[in-house]
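Source file: structure07.pdb; contents: PDB, C-alpha atoms and all ligand atoms.
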```
ATOM      1  CA  MET A   1     110.566  89.861  17.621
ATOM      2  CA  PHE A   2     111.151  87.723  20.660
ATOM      3  CA  VAL A   3     114.500  86.223  19.803
ATOM      4  CA  PRO A   4     116.723  89.085  18.673
ATOM      5  CA  CYS A   5     119.477  86.846  17.372
ATOM      6  CA  PHE A   6     117.078  84.388  15.780
ATOM      7  CA  ASP A   7     118.910  84.039  12.454
ATOM      8  CA  GLN A   8     122.167  83.242  14.106
ATOM      9  CA  ARG A   9     120.636  80.705  16.456
ATOM     10  CA  ALA A  10     118.602  79.063  13.737
ATOM     11  CA  GLN A  11     121.821  78.195  11.933
ATOM     12  CA  SER A  12     122.965  76.013  14.781
ATOM     13  CA  ALA A  13     122.446  72.287  14.371
ATOM     14  CA  TRP A  14     119.934  71.819  17.153
ATOM     15  CA  LEU A  15     117.531  74.224  15.509
ATOM     16  CA  SER A  16     117.678  72.829  12.014
ATOM     17  CA  LYS A  17     115.287  70.518  10.217
ATOM     18  CA  SER A  18     116.215  66.895   9.562
ATOM     19  CA  GLY A  19     117.660  67.812   6.143
ATOM     20  CA  GLY A  20     119.984  70.337   7.745
ATOM     21  CA  LYS A  21     117.951  73.357   6.566
ATOM     22  CA  PRO A  22     117.417  76.046   9.170
ATOM     23  CA  ILE A  23     113.895  76.171  10.565
ATOM     24  CA  SER A  24     111.738  79.192   9.896
ATOM     25  CA  LYS A  25     110.860  81.776  12.495
ATOM     26  CA  GLY A  26     107.153  80.779  12.324
ATOM     27  CA  CYS A  27     108.035  77.151  12.863
ATOM     28  CA  LEU A  28     110.062  78.061  15.932
ATOM     29  CA  GLU A  29     107.168  80.181  17.254
ATOM     30  CA  ASN A  30     104.775  77.226  16.933
ATOM     31  CA  LEU A  31     107.248  74.918  18.576
ATOM     32  CA  LEU A  32     107.704  77.210  21.564
ATOM     33  CA  ALA A  33     103.947  77.715  21.959
ATOM     34  CA  ASN A  34     103.087  74.015  21.845
ATOM     35  CA  PRO A  35     102.033  72.643  25.284
ATOM     36  CA  PHE A  36     102.814  69.133  24.007
ATOM     37  CA  TYR A  37     106.354  69.404  25.356
ATOM     38  CA  TYR A  38     105.212  69.773  28.958
ATOM     39  CA  GLY A  39     102.817  66.846  28.648
ATOM     40  CA  THR A  40      99.556  68.467  27.481
ATOM     41  CA  ILE A  41      97.731  68.081  24.205
ATOM     42  CA  ARG A  42      95.812  70.981  22.661
ATOM     43  CA  MET A  43      92.929  70.054  20.388
ATOM     44  CA  LYS A  44      93.286  71.860  17.064
ATOM     45  CA  ARG A  45      89.652  72.846  16.587
ATOM     46  CA  SER A  46      88.402  73.621  20.055
ATOM     47  CA  GLY A  47      91.748  74.632  21.588
ATOM     48  CA  LYS A  48      90.839  72.511  24.640
ATOM     49  CA  LEU A  49      93.702  71.031  26.655
ATOM     50  CA  PHE A  50      94.036  67.389  27.732
ATOM     51  CA  ASN A  51      96.682  65.582  29.728
ATOM     52  CA  GLY A  52      98.759  63.437  27.401
ATOM     53  CA  ILE A  53     100.138  60.020  28.251
ATOM     54  CA  HIS A  54     103.584  60.809  26.848
ATOM     55  CA  THR A  55     106.594  61.827  28.968
ATOM     56  CA  PRO A  56     107.035  65.613  29.108
ATOM     57  CA  ILE A  57     110.463  66.958  28.161
ATOM     58  CA  ILE A  58     110.101  70.343  29.920
ATOM     59  CA  ASP A  59     108.098  71.482  32.934
ATOM     60  CA  LYS A  60     105.183  73.878  32.848
ATOM     61  CA  SER A  61     107.063  76.690  34.595
ATOM     62  CA  LEU A  62     109.672  76.794  31.839
ATOM     63  CA  PHE A  63     106.899  76.849  29.230
ATOM     64  CA  ASP A  64     105.188  79.741  31.044
ATOM     65  CA  ARG A  65     108.432  81.675  31.256
ATOM     66  CA  VAL A  66     108.975  81.272  27.533
ATOM     67  CA  GLN A  67     105.460  82.639  26.887
ATOM     68  CA  GLU A  68     106.243  85.632  29.112
ATOM     69  CA  VAL A  69     109.437  86.322  27.226
ATOM     70  CA  LYS A  70     107.554  86.101  23.933
ATOM     71  CA  THR A  71     104.912  88.585  25.025
ATOM     72  CA  GLY A  72     107.535  90.927  26.408
ATOM     73  CA  LYS A  73     106.357  90.604  30.023
ATOM     74  CA  HIS A  74     109.515  88.905  31.003
ATOM     75  CA  ASN A  75     112.109  91.440  29.989
ATOM     76  CA  ARG A  76     114.568  91.420  32.839
ATOM     77  CA  LYS A  77     117.880  92.498  31.505
ATOM     78  CA  VAL A  78     120.599  90.648  33.269
ATOM     79  CA  SER A  79     123.913  92.330  32.902
ATOM     80  CA  LEU A  80     126.678  90.606  34.706
ATOM     81  CA  HIS A  81     129.413  93.121  34.152
ATOM     82  CA  ASN A  82     128.414  96.710  34.452
ATOM     83  CA  HIS A  83     126.945  97.330  37.865
ATOM     84  CA  THR A  84     128.757  99.043  40.693
ATOM     85  CA  TYR A  85     128.186  96.406  43.376
ATOM     86  CA  ARG A  86     128.179  93.269  41.213
ATOM     87  CA  ARG A  87     129.298  90.222  43.177
ATOM     88  CA  LEU A  88     130.071  92.257  46.320
ATOM     89  CA  VAL A  89     127.027  91.139  48.294
ATOM     90  CA  VAL A  90     126.591  87.491  49.236
ATOM     91  CA  CYS A  91     123.186  85.767  49.303
ATOM     92  CA  GLY A  92     122.615  84.540  52.853
ATOM     93  CA  CYS A  93     120.492  81.635  51.601
ATOM     94  CA  CYS A  94     122.827  80.003  49.086
ATOM     95  CA  ASP A  95     126.200  81.720  49.643
ATOM     96  CA  ARG A  96     126.503  82.898  46.056
ATOM     97  CA  THR A  97     127.065  86.513  45.094
ATOM     98  CA  LEU A  98     124.409  88.871  43.765
ATOM     99  CA  TYR A  99     124.435  90.339  40.270
ATOM    100  CA  GLY A 100     122.967  93.587  39.045
ATOM    101  CA  GLU A 101     119.919  93.839  36.825
ATOM    102  CA  GLN A 102     118.435  96.885  35.178
ATOM    103  CA  GLN A 103     114.656  97.197  35.428
ATOM    104  CA  LYS A 104     112.692 100.316  34.554
ATOM    105  CA  GLY A 105     115.680 102.546  35.094
ATOM    106  CA  GLN A 106     116.562 101.009  38.452
ATOM    107  CA  VAL A 107     119.370  98.625  39.257
ATOM    108  CA  TYR A 108     118.499  95.651  41.455
ATOM    109  CA  MET A 109     121.014  93.309  43.026
ATOM    110  CA  ARG A 110     119.607  89.808  42.725
ATOM    111  CA  CYS A 111     120.526  86.233  43.542
ATOM    112  CA  HIS A 112     120.481  84.113  40.404
ATOM    113  CA  THR A 113     120.404  80.688  42.015
ATOM    114  CA  LYS A 114     117.436  78.694  40.772
ATOM    115  CA  GLY A 115     115.002  77.933  43.553
ATOM    116  CA  CYS A 116     116.712  80.269  46.038
ATOM    117  CA  PRO A 117     114.179  82.316  48.017
ATOM    118  CA  THR A 118     114.360  85.483  45.949
ATOM    119  CA  THR A 119     116.860  87.817  47.448
ATOM    120  CA  THR A 120     116.955  91.258  45.926
ATOM    121  CA  ILE A 121     117.883  94.785  46.915
ATOM    122  CA  ARG A 122     117.630  97.987  44.911
ATOM    123  CA  GLU A 123     121.010  99.577  44.350
ATOM    124  CA  ASP A 124     120.039 102.962  45.799
ATOM    125  CA  ARG A 125     118.737 101.233  48.946
ATOM    126  CA  LEU A 126     122.009  99.355  49.259
ATOM    127  CA  GLU A 127     123.880 102.646  48.992
ATOM    128  CA  GLY A 128     121.565 104.198  51.588
ATOM    129  CA  ALA A 129     122.282 101.344  54.000
ATOM    130  CA  ILE A 130     126.040 101.677  53.442
ATOM    131  CA  SER A 131     125.872 105.453  54.038
ATOM    132  CA  ARG A 132     123.863 105.047  57.244
ATOM    133  CA  GLN A 133     126.263 102.481  58.607
ATOM    134  CA  LEU A 134     129.304 104.602  57.712
ATOM    135  CA  LEU A 135     127.724 107.630  59.357
ATOM    136  CA  GLU A 136     127.459 105.649  62.582
ATOM    137  CA  LEU A 137     131.098 104.658  62.263
ATOM    138  CA  GLU A 138     132.348 108.189  61.645
ATOM    139  CA  LEU A 139     134.477 109.723  64.306
ATOM    140  CA  GLY A 140     132.835 112.491  66.310
ATOM    141  CA  ARG A 141     134.896 115.454  67.603
ATOM    142  CA  HIS A 142     134.812 114.162  71.150
ATOM    143  CA  ASP A 143     136.003 110.688  70.186
ATOM    144  CA  ARG A 144     138.690 112.110  67.987
ATOM    145  CA  LYS A 145     140.205 114.123  70.847
ATOM    146  CA  ARG A 146     140.100 111.045  73.070
ATOM    147  CA  LEU A 147     141.848 108.923  70.443
ATOM    148  CA  GLU A 148     144.514 111.571  69.861
ATOM    149  CA  ARG A 149     145.277 111.578  73.588
ATOM    150  CA  GLU A 150     145.455 107.791  73.538
ATOM    151  CA  LEU A 151     147.830 107.934  70.588
ATOM    152  CA  GLN A 152     150.212 110.209  72.515
ATOM    153  CA  VAL A 153     150.082 107.948  75.571
ATOM    154  CA  LEU A 154     150.925 104.903  73.459
ATOM    155  CA  LEU A 155     153.827 106.632  71.724
ATOM    156  CA  THR A 156     155.376 107.915  74.974
ATOM    157  CA  ARG A 157     154.996 104.530  76.593
ATOM    158  CA  ARG A 158     156.843 102.824  73.779
ATOM    159  CA  ASN A 159     160.170 101.523  74.921
ATOM    160  CA  THR A 160     162.011 100.425  71.829
ATOM    161  CA  ALA A 161     164.676  98.501  73.764
ATOM    162  CA  SER A 162     162.152  96.198  75.424
ATOM    163  CA  ASP A 163     160.159  95.934  72.163
ATOM    164  CA  ARG A 164     163.300  94.720  70.442
ATOM    165  CA  ARG A 165     163.997  92.142  73.152
ATOM    166  CA  ALA A 166     160.414  90.838  72.968
ATOM    167  CA  LEU A 167     160.605  90.414  69.193
ATOM    168  CA  GLN A 168     163.993  88.703  69.337
ATOM    169  CA  LEU A 169     162.595  86.269  71.890
ATOM    170  CA  GLN A 170     159.658  85.495  69.611
ATOM    171  CA  LEU A 171     162.067  84.902  66.720
ATOM    172  CA  SER A 172     164.179  82.445  68.691
ATOM    173  CA  ASN A 173     160.993  80.617  69.787
ATOM    174  CA  LEU A 174     160.162  80.311  66.141
ATOM    175  CA  ASP A 175     163.503  78.635  65.369
ATOM    176  CA  ARG A 176     162.809  76.116  68.123
ATOM    177  CA  ARG A 177     159.362  75.391  66.686
ATOM    178  CA  LYS A 178     160.948  74.771  63.272
ATOM    179  CA  GLU A 179     163.294  72.190  64.774
ATOM    180  CA  GLN A 180     160.371  70.473  66.535
ATOM    181  CA  LEU A 181     158.498  70.359  63.247
ATOM    182  CA  THR A 182     161.400  68.621  61.478
ATOM    183  CA  ASP A 183     161.599  66.099  64.345
ATOM    184  CA  ALA A 184     157.888  65.419  64.040
ATOM    185  CA  LEU A 185     158.331  64.652  60.327
ATOM    186  CA  LEU A 186     161.318  62.362  60.945
ATOM    187  CA  ASP A 187     159.451  60.498  63.697
ATOM    188  CA  GLY A 188     156.510  59.984  61.348
ATOM    189  CA  LEU A 189     154.123  61.983  63.546
ATOM    190  CA  ILE A 190     153.050  64.180  60.618
ATOM    191  CA  ASP A 191     153.072  63.590  56.879
ATOM    192  CA  LYS A 192     154.967  65.579  54.295
ATOM    193  CA  SER A 193     152.061  67.812  53.252
ATOM    194  CA  ALA A 194     151.271  68.779  56.870
ATOM    195  CA  PHE A 195     154.960  69.467  57.361
ATOM    196  CA  GLN A 196     155.110  71.730  54.283
ATOM    197  CA  GLU A 197     151.963  73.580  55.279
ATOM    198  CA  ARG A 198     153.221  74.302  58.809
ATOM    199  CA  ARG A 199     156.641  75.247  57.553
ATOM    200  CA  VAL A 200     155.127  77.879  55.232
ATOM    201  CA  ARG A 201     153.117  79.225  58.170
ATOM    202  CA  LEU A 202     156.250  79.480  60.319
ATOM    203  CA  GLU A 203     158.119  81.214  57.485
ATOM    204  CA  ASN A 204     155.324  83.784  57.214
ATOM    205  CA  GLU A 205     155.456  84.390  60.953
ATOM    206  CA  LYS A 206     159.185  84.852  60.720
ATOM    207  CA  GLN A 207     158.754  87.370  57.907
ATOM    208  CA  ASP A 208     156.225  89.378  59.969
ATOM    209  CA  LEU A 209     158.496  89.382  63.023
ATOM    210  CA  SER A 210     161.527  90.436  60.990
ATOM    211  CA  ASP A 211     159.504  93.272  59.426
ATOM    212  CA  ALA A 212     158.346  94.393  62.865
ATOM    213  CA  LEU A 213     161.932  94.318  64.118
ATOM    214  CA  ARG A 214     163.121  96.403  61.193
ATOM    215  CA  ASN A 215     160.434  99.041  61.772
ATOM    216  CA  ILE A 216     160.858  99.207  65.501
ATOM    217  CA  ASP A 217     162.450 102.627  65.692
ATOM    218  CA  ASP A 218     160.040 104.219  63.292
ATOM    219  CA  THR A 219     157.705 105.820  65.839
ATOM    220  CA  ASP A 220     157.439 108.978  63.705
ATOM    221  CA  GLY A 221     156.145 106.838  60.843
ATOM    222  CA  ASP A 222     153.652 105.161  63.192
ATOM    223  CA  GLU A 223     152.380 108.488  64.453
ATOM    224  CA  GLN A 224     151.869 109.788  60.910
ATOM    225  CA  LEU A 225     150.101 106.584  59.935
ATOM    226  CA  ALA A 226     147.796 106.824  62.949
ATOM    227  CA  ARG A 227     146.995 110.472  62.173
ATOM    228  CA  ASN A 228     146.190 109.640  58.546
ATOM    229  CA  PHE A 229     144.006 106.832  59.812
ATOM    230  CA  LEU A 230     142.064 109.191  62.094
ATOM    231  CA  GLU A 231     141.662 111.611  59.191
ATOM    232  CA  LEU A 232     140.244 108.840  57.018
ATOM    233  CA  VAL A 233     137.699 107.596  59.551
ATOM    234  CA  LYS A 234     136.673 111.137  60.507
ATOM    235  CA  ASN A 235     134.845 111.618  57.205
ATOM    236  CA  VAL A 236     134.350 108.086  55.999
ATOM    237  CA  CYS A 237     130.658 108.521  55.142
ATOM    238  CA  LEU A 238     131.235 111.752  53.237
ATOM    239  CA  THR A 239     134.181 110.190  51.412
ATOM    240  CA  TYR A 240     131.899 107.373  50.294
ATOM    241  CA  GLN A 241     129.124 109.714  49.219
ATOM    242  CA  ILE A 242     131.301 111.934  47.037
ATOM    243  CA  SER A 243     133.168 109.021  45.465
ATOM    244  CA  ASN A 244     132.627 107.905  41.910
ATOM    245  CA  LYS A 245     131.133 104.475  41.156
ATOM    246  CA  GLN A 246     134.438 102.672  40.974
ATOM    247  CA  GLN A 247     135.642 104.184  44.249
ATOM    248  CA  LYS A 248     132.316 103.396  45.959
ATOM    249  CA  ARG A 249     132.725  99.786  44.945
ATOM    250  CA  ARG A 250     136.280  99.697  46.247
ATOM    251  CA  LEU A 251     135.293 101.392  49.507
ATOM    252  CA  THR A 252     132.498  98.908  50.108
ATOM    253  CA  GLU A 253     134.978  96.128  49.552
ATOM    254  CA  ILE A 254     137.628  97.649  51.822
ATOM    255  CA  LEU A 255     135.431  98.858  54.677
ATOM    256  CA  PHE A 256     133.159  95.848  55.180
ATOM    257  CA  SER A 257     134.489  92.364  55.802
ATOM    258  CA  ASN A 258     131.055  90.793  55.391
ATOM    259  CA  ARG A 259     128.205  91.909  53.119
ATOM    260  CA  THR A 260     125.255  89.530  53.191
ATOM    261  CA  LEU A 261     121.653  89.811  52.100
ATOM    262  CA  THR A 262     119.224  87.263  53.546
ATOM    263  CA  GLY A 263     115.636  87.759  52.411
ATOM    264  CA  LYS A 264     115.269  91.511  52.860
ATOM    265  CA  ASN A 265     117.845  91.792  55.627
ATOM    266  CA  LEU A 266     121.132  93.355  54.703
ATOM    267  CA  TYR A 267     124.030  92.679  57.024
ATOM    268  CA  LEU A 268     127.148  94.801  56.746
ATOM    269  CA  GLU A 269     130.026  93.991  59.023
ATOM    270  CA  PRO A 270     132.685  96.699  59.204
ATOM    271  CA  GLN A 271     136.356  95.803  59.417
ATOM    272  CA  LYS A 272     137.523  95.619  63.011
ATOM    273  CA  TRP A 273     139.761  98.686  62.563
ATOM    274  CA  LEU A 274     136.711 100.689  61.513
ATOM    275  CA  SER A 275     134.383  99.569  64.300
ATOM    276  CA  ASN A 276     137.022  99.623  67.035
ATOM    277  CA  LYS A 277     139.228 102.614  66.400
ATOM    278  CA  LEU A 278     140.883 102.510  69.793
ATOM    279  CA  TRP A 279     142.114  99.015  69.006
ATOM    280  CA  ALA A 280     143.322 100.222  65.583
ATOM    281  CA  ILE A 281     145.279 103.058  67.184
ATOM    282  CA  SER A 282     146.892 100.622  69.602
ATOM    283  CA  VAL A 283     147.875  98.426  66.652
ATOM    284  CA  LEU A 284     149.339 101.370  64.751
ATOM    285  CA  CYS A 285     151.220 102.923  67.689
ATOM    286  CA  GLY A 286     151.666 100.114  70.163
ATOM    287  CA  PRO A 287     154.617  97.768  70.490
ATOM    288  CA  PRO A 288     155.052  95.638  67.360
ATOM    289  CA  ASP A 289     154.327  91.918  67.315
ATOM    290  CA  ARG A 290     153.391  89.479  64.618
ATOM    291  CA  ASP A 291     149.632  89.494  65.264
ATOM    292  CA  THR A 292     149.364  93.232  64.819
ATOM    293  CA  ALA A 293     151.893  93.468  61.974
ATOM    294  CA  ARG A 294     149.393  92.104  59.440
ATOM    295  CA  THR A 295     146.607  94.456  60.532
ATOM    296  CA  LYS A 296     149.010  97.355  60.402
ATOM    297  CA  GLU A 297     150.022  96.387  56.889
ATOM    298  CA  HIS A 298     146.355  96.145  55.888
ATOM    299  CA  ILE A 299     145.543  99.624  57.253
ATOM    300  CA  GLN A 300     148.663 100.980  55.580
ATOM    301  CA  ASN A 301     147.518  99.563  52.224
ATOM    302  CA  VAL A 302     144.043 101.023  52.641
ATOM    303  CA  LEU A 303     145.498 104.451  53.414
ATOM    304  CA  ASN A 304     147.870 104.288  50.449
ATOM    305  CA  GLU A 305     144.975 103.483  48.180
ATOM    306  CA  PHE A 306     142.877 106.364  49.518
ATOM    307  CA  HIS A 307     145.664 108.863  49.134
ATOM    308  CA  GLU A 308     146.218 107.857  45.543
ATOM    309  CA  TRP A 309     142.639 108.719  44.613
ATOM    310  CA  PRO A 310     142.223 112.018  42.844
ATOM    311  CA  ARG A 311     140.416 114.581  44.959
ATOM    312  CA  GLN A 312     136.816 115.158  43.960
TER
HETATM  313 ZN    ZN B   1     120.639  82.763  46.818
END
```

Translate the structure described by the file into C-alpha cells.
Amino acid sequence: MFVPCFDQRAQSAWLSKSGGKPISKGCLENLLANPFYYGTIRMKRSGKLFNGIHTPIIDKSLFDRVQEVKTGKHNRKVSLHNHTYRRLVVCGCCDRTLYGEQQKGQVYMRCHTKGCPTTTIREDRLEGAISRQLLELELGRHDRKRLERELQVLLTRRNTASDRRALQLQLSNLDRRKEQLTDALLDGLIDKSAFQERRVRLENEKQDLSDALRNIDDTDGDEQLARNFLELVKNVCLTYQISNKQQKRRLTEILFSNRTLTGKNLYLEPQKWLSNKLWAISVLCGPPDRDTARTKEHIQNVLNEFHEWPRQ
C-alpha cells in the first residue's frame, strides 16, 4: 500500500534477508515502524517507550516522515519535469532553483534543499505576479508616441560617415591592445592562460565591431527593428496572458533577467531593454558600437523568436 514498487525494491540486495531471500512486505512494515532505529525501545506488552543506550542509525524526523508516508498524510507528489516554471525561479536563501509539485490540484513551486527555510509559491500566484509586472512595463499610448518621435530624431541624426570613422578607430585601438598583450606575455607579466583568456575577449570585441561596421548603412533595418520592438512591448502583458504554457515559460525566461523567491517575497527583474525602452530605442537606432551591438543582437533574437510563434 505504501510502497507502490515494493516487489521491485524488495529484490534489491539491501532489502533481502541474510540468505538472499527477499523480505516480506509485513517484515518491511515492522522494520519501518520500529523506533529502535532512532534510539528508542518499545516494550512489547505495554507499548511504552524508553531511551535505549545504543547508537541510533536514523533521526526521529526521518522516522516521523516515514510514518506520515505510510499513513498517506505525506503524499506530496514531486514531479521534476512537467511544470511550466520548473527551475526558472531561484531560491533567495540557498541559490538553487525551485521545482514544481502537484498538491490537491494546485501546482506549487518549492525549494527542495534540506533545511532551507521553506520557500514556496503557488503557480497561479507566480503567474499573477508576472502579469502585474508586465502590465506596469507595457507601453502606454502617450509613451509610445514619445518613443516614436525619439526614434525619428535618432535616425535623422545618424551620420554614417562619422559612425564609420569611429568604428574604424576602435578597431585600430584593438589591434594595438593585441600587440600590448603579446608583449606582456613575452615579458612574463601575465601567464599563458591569462593571455589566452584576454585574447579571446579581444577577438570577440573585434567580431562585434566588424559586425557593427558591416551593418552601418542599414538604417532602414534599424528602423524596422525598433518598430517591431515597440509593437512587442506595447502588448507584452496580453501576449503573456494568451500564450500557451511553453511560450509563457519562454517569455518569463526572456523578459526577466532575475527571478528570485526569498521567503514569500518574489523578485522579478525585467531586462534593461524592457524597463528602459528609451535606452533600447537608442541602442537599436543610435550609432553602432561594440557595447550596444550585443544588446541589439539580443533584442533581435527575442523579436525573431516572437515572430516565429504561431498566432493564438
Ligand atoms: Zn532554498

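In this model, the gap between atom CA of A:Leu186 and atom CA of A:Arg199 comes to 14.1 Å.
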
Any residue with an atom at most 6 Å from ligand ZN 1 (chain B) counts, using only C-alpha atoms and all ligand atoms. Which are they? Put them as a ChimeraX atom specification. /A:91,93-94,96,111,113,116

How would you write, as a list of chain:residue names, the residues chosen by the PyMOL selection byres (((chain A and resi 212-217) around 9) and not hetatm) on this structure? A:Thr160, A:Asp163, A:Arg164, A:Leu167, A:Gln168, A:Gln207, A:Asp208, A:Leu209, A:Ser210, A:Asp211, A:Asp218, A:Thr219, A:Asp220, A:Gly221, A:Pro287, A:Pro288, A:Asp289, A:Arg290, A:Ala293

Draw an axis-aligned box tight on the listed atoms of stretch 257-267 of chain A, then pad every side by 3 Å and write out centre and edge lengths in Å to one decimal as AutoDock Vina command-line options.
```
--center_x 124.9 --center_y 90.3 --center_z 54.6 --size_x 25.2 --size_y 12.1 --size_z 10.9
```

Of the residues A:Leu232, A:Leu261, A:Leu171, A:Ala184, which is the one nearest to A:Leu202, using all atoms listed in the file? A:Leu171

Rounded to one decimal, what separation in Å do you get between atom CA of A:Glu305 and atom CA of A:Thr252? 13.4 Å

With N, CA and C atoms as the goal, would you fill in the gaps in stretch 29-53 of chain A and present it as a PDB file, in the frame of the given file?
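The result, stored in part13.pdb:
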```
ATOM      1  N   GLU A  29     108.236  79.595  16.420  1.00  0.00           N
ATOM      2  CA  GLU A  29     107.168  80.181  17.254  1.00  0.00           C
ATOM      3  C   GLU A  29     106.174  79.097  17.658  1.00  0.00           C
ATOM      4  N   ASN A  30     105.749  78.294  16.658  1.00  0.00           N
ATOM      5  CA  ASN A  30     104.775  77.226  16.933  1.00  0.00           C
ATOM      6  C   ASN A  30     105.331  76.222  17.927  1.00  0.00           C
ATOM      7  N   LEU A  31     106.592  75.905  17.717  1.00  0.00           N
ATOM      8  CA  LEU A  31     107.248  74.918  18.576  1.00  0.00           C
ATOM      9  C   LEU A  31     107.253  75.396  20.040  1.00  0.00           C
ATOM     10  N   LEU A  32     107.605  76.671  20.200  1.00  0.00           N
ATOM     11  CA  LEU A  32     107.704  77.210  21.564  1.00  0.00           C
ATOM     12  C   LEU A  32     106.339  77.383  22.235  1.00  0.00           C
ATOM     13  N   ALA A  33     105.277  77.491  21.395  1.00  0.00           N
ATOM     14  CA  ALA A  33     103.947  77.715  21.959  1.00  0.00           C
ATOM     15  C   ALA A  33     103.178  76.408  22.158  1.00  0.00           C
ATOM     16  N   ASN A  34     103.797  75.298  21.795  1.00  0.00           N
ATOM     17  CA  ASN A  34     103.087  74.015  21.845  1.00  0.00           C
ATOM     18  C   ASN A  34     103.177  73.375  23.233  1.00  0.00           C
ATOM     19  N   PRO A  35     102.018  73.199  23.912  1.00  0.00           N
ATOM     20  CA  PRO A  35     102.033  72.643  25.284  1.00  0.00           C
ATOM     21  C   PRO A  35     102.406  71.157  25.311  1.00  0.00           C
ATOM     22  N   PHE A  36     102.481  70.556  24.121  1.00  0.00           N
ATOM     23  CA  PHE A  36     102.814  69.133  24.007  1.00  0.00           C
ATOM     24  C   PHE A  36     104.080  68.787  24.787  1.00  0.00           C
ATOM     25  N   TYR A  37     105.048  69.712  24.762  1.00  0.00           N
ATOM     26  CA  TYR A  37     106.354  69.404  25.356  1.00  0.00           C
ATOM     27  C   TYR A  37     106.347  69.356  26.881  1.00  0.00           C
ATOM     28  N   TYR A  38     105.299  69.953  27.503  1.00  0.00           N
ATOM     29  CA  TYR A  38     105.212  69.773  28.958  1.00  0.00           C
ATOM     30  C   TYR A  38     104.128  68.755  29.332  1.00  0.00           C
ATOM     31  N   GLY A  39     103.679  67.995  28.343  1.00  0.00           N
ATOM     32  CA  GLY A  39     102.817  66.846  28.648  1.00  0.00           C
ATOM     33  C   GLY A  39     101.337  67.051  28.377  1.00  0.00           C
ATOM     34  N   THR A  40     100.964  68.163  27.696  1.00  0.00           N
ATOM     35  CA  THR A  40      99.556  68.467  27.481  1.00  0.00           C
ATOM     36  C   THR A  40      99.261  68.548  25.980  1.00  0.00           C
ATOM     37  N   ILE A  41      98.087  68.042  25.627  1.00  0.00           N
ATOM     38  CA  ILE A  41      97.731  68.081  24.205  1.00  0.00           C
ATOM     39  C   ILE A  41      96.629  69.122  23.985  1.00  0.00           C
ATOM     40  N   ARG A  42      96.841  69.972  22.976  1.00  0.00           N
ATOM     41  CA  ARG A  42      95.812  70.981  22.661  1.00  0.00           C
ATOM     42  C   ARG A  42      95.054  70.538  21.409  1.00  0.00           C
ATOM     43  N   MET A  43      93.732  70.461  21.530  1.00  0.00           N
ATOM     44  CA  MET A  43      92.929  70.054  20.388  1.00  0.00           C
ATOM     45  C   MET A  43      92.923  71.186  19.366  1.00  0.00           C
ATOM     46  N   LYS A  44      93.140  70.825  18.098  1.00  0.00           N
ATOM     47  CA  LYS A  44      93.286  71.860  17.064  1.00  0.00           C
ATOM     48  C   LYS A  44      92.040  72.734  16.921  1.00  0.00           C
ATOM     49  N   ARG A  45      90.876  72.083  16.859  1.00  0.00           N
ATOM     50  CA  ARG A  45      89.652  72.846  16.587  1.00  0.00           C
ATOM     51  C   ARG A  45      89.195  73.652  17.781  1.00  0.00           C
ATOM     52  N   SER A  46      88.992  72.948  18.888  1.00  0.00           N
ATOM     53  CA  SER A  46      88.402  73.621  20.055  1.00  0.00           C
ATOM     54  C   SER A  46      89.439  74.374  20.881  1.00  0.00           C
ATOM     55  N   GLY A  47      90.704  73.990  20.773  1.00  0.00           N
ATOM     56  CA  GLY A  47      91.748  74.632  21.588  1.00  0.00           C
ATOM     57  C   GLY A  47      91.766  74.095  23.006  1.00  0.00           C
ATOM     58  N   LYS A  48      90.888  73.067  23.279  1.00  0.00           N
ATOM     59  CA  LYS A  48      90.839  72.511  24.640  1.00  0.00           C
ATOM     60  C   LYS A  48      92.107  71.732  24.949  1.00  0.00           C
ATOM     61  N   LEU A  49      92.461  71.703  26.244  1.00  0.00           N
ATOM     62  CA  LEU A  49      93.702  71.031  26.655  1.00  0.00           C
ATOM     63  C   LEU A  49      93.401  69.720  27.370  1.00  0.00           C
ATOM     64  N   PHE A  50      94.169  68.688  27.054  1.00  0.00           N
ATOM     65  CA  PHE A  50      94.036  67.389  27.732  1.00  0.00           C
ATOM     66  C   PHE A  50      95.407  66.903  28.173  1.00  0.00           C
ATOM     67  N   ASN A  51      95.412  66.168  29.302  1.00  0.00           N
ATOM     68  CA  ASN A  51      96.682  65.582  29.728  1.00  0.00           C
ATOM     69  C   ASN A  51      97.075  64.465  28.785  1.00  0.00           C
ATOM     70  N   GLY A  52      98.285  64.488  28.281  1.00  0.00           N
ATOM     71  CA  GLY A  52      98.759  63.437  27.401  1.00  0.00           C
ATOM     72  C   GLY A  52      99.298  62.264  28.209  1.00  0.00           C
ATOM     73  N   ILE A  53      99.564  61.158  27.523  1.00  0.00           N
ATOM     74  CA  ILE A  53     100.138  60.020  28.251  1.00  0.00           C
ATOM     75  C   ILE A  53     101.637  59.913  27.981  1.00  0.00           C
TER      76      ILE A  53
END
```
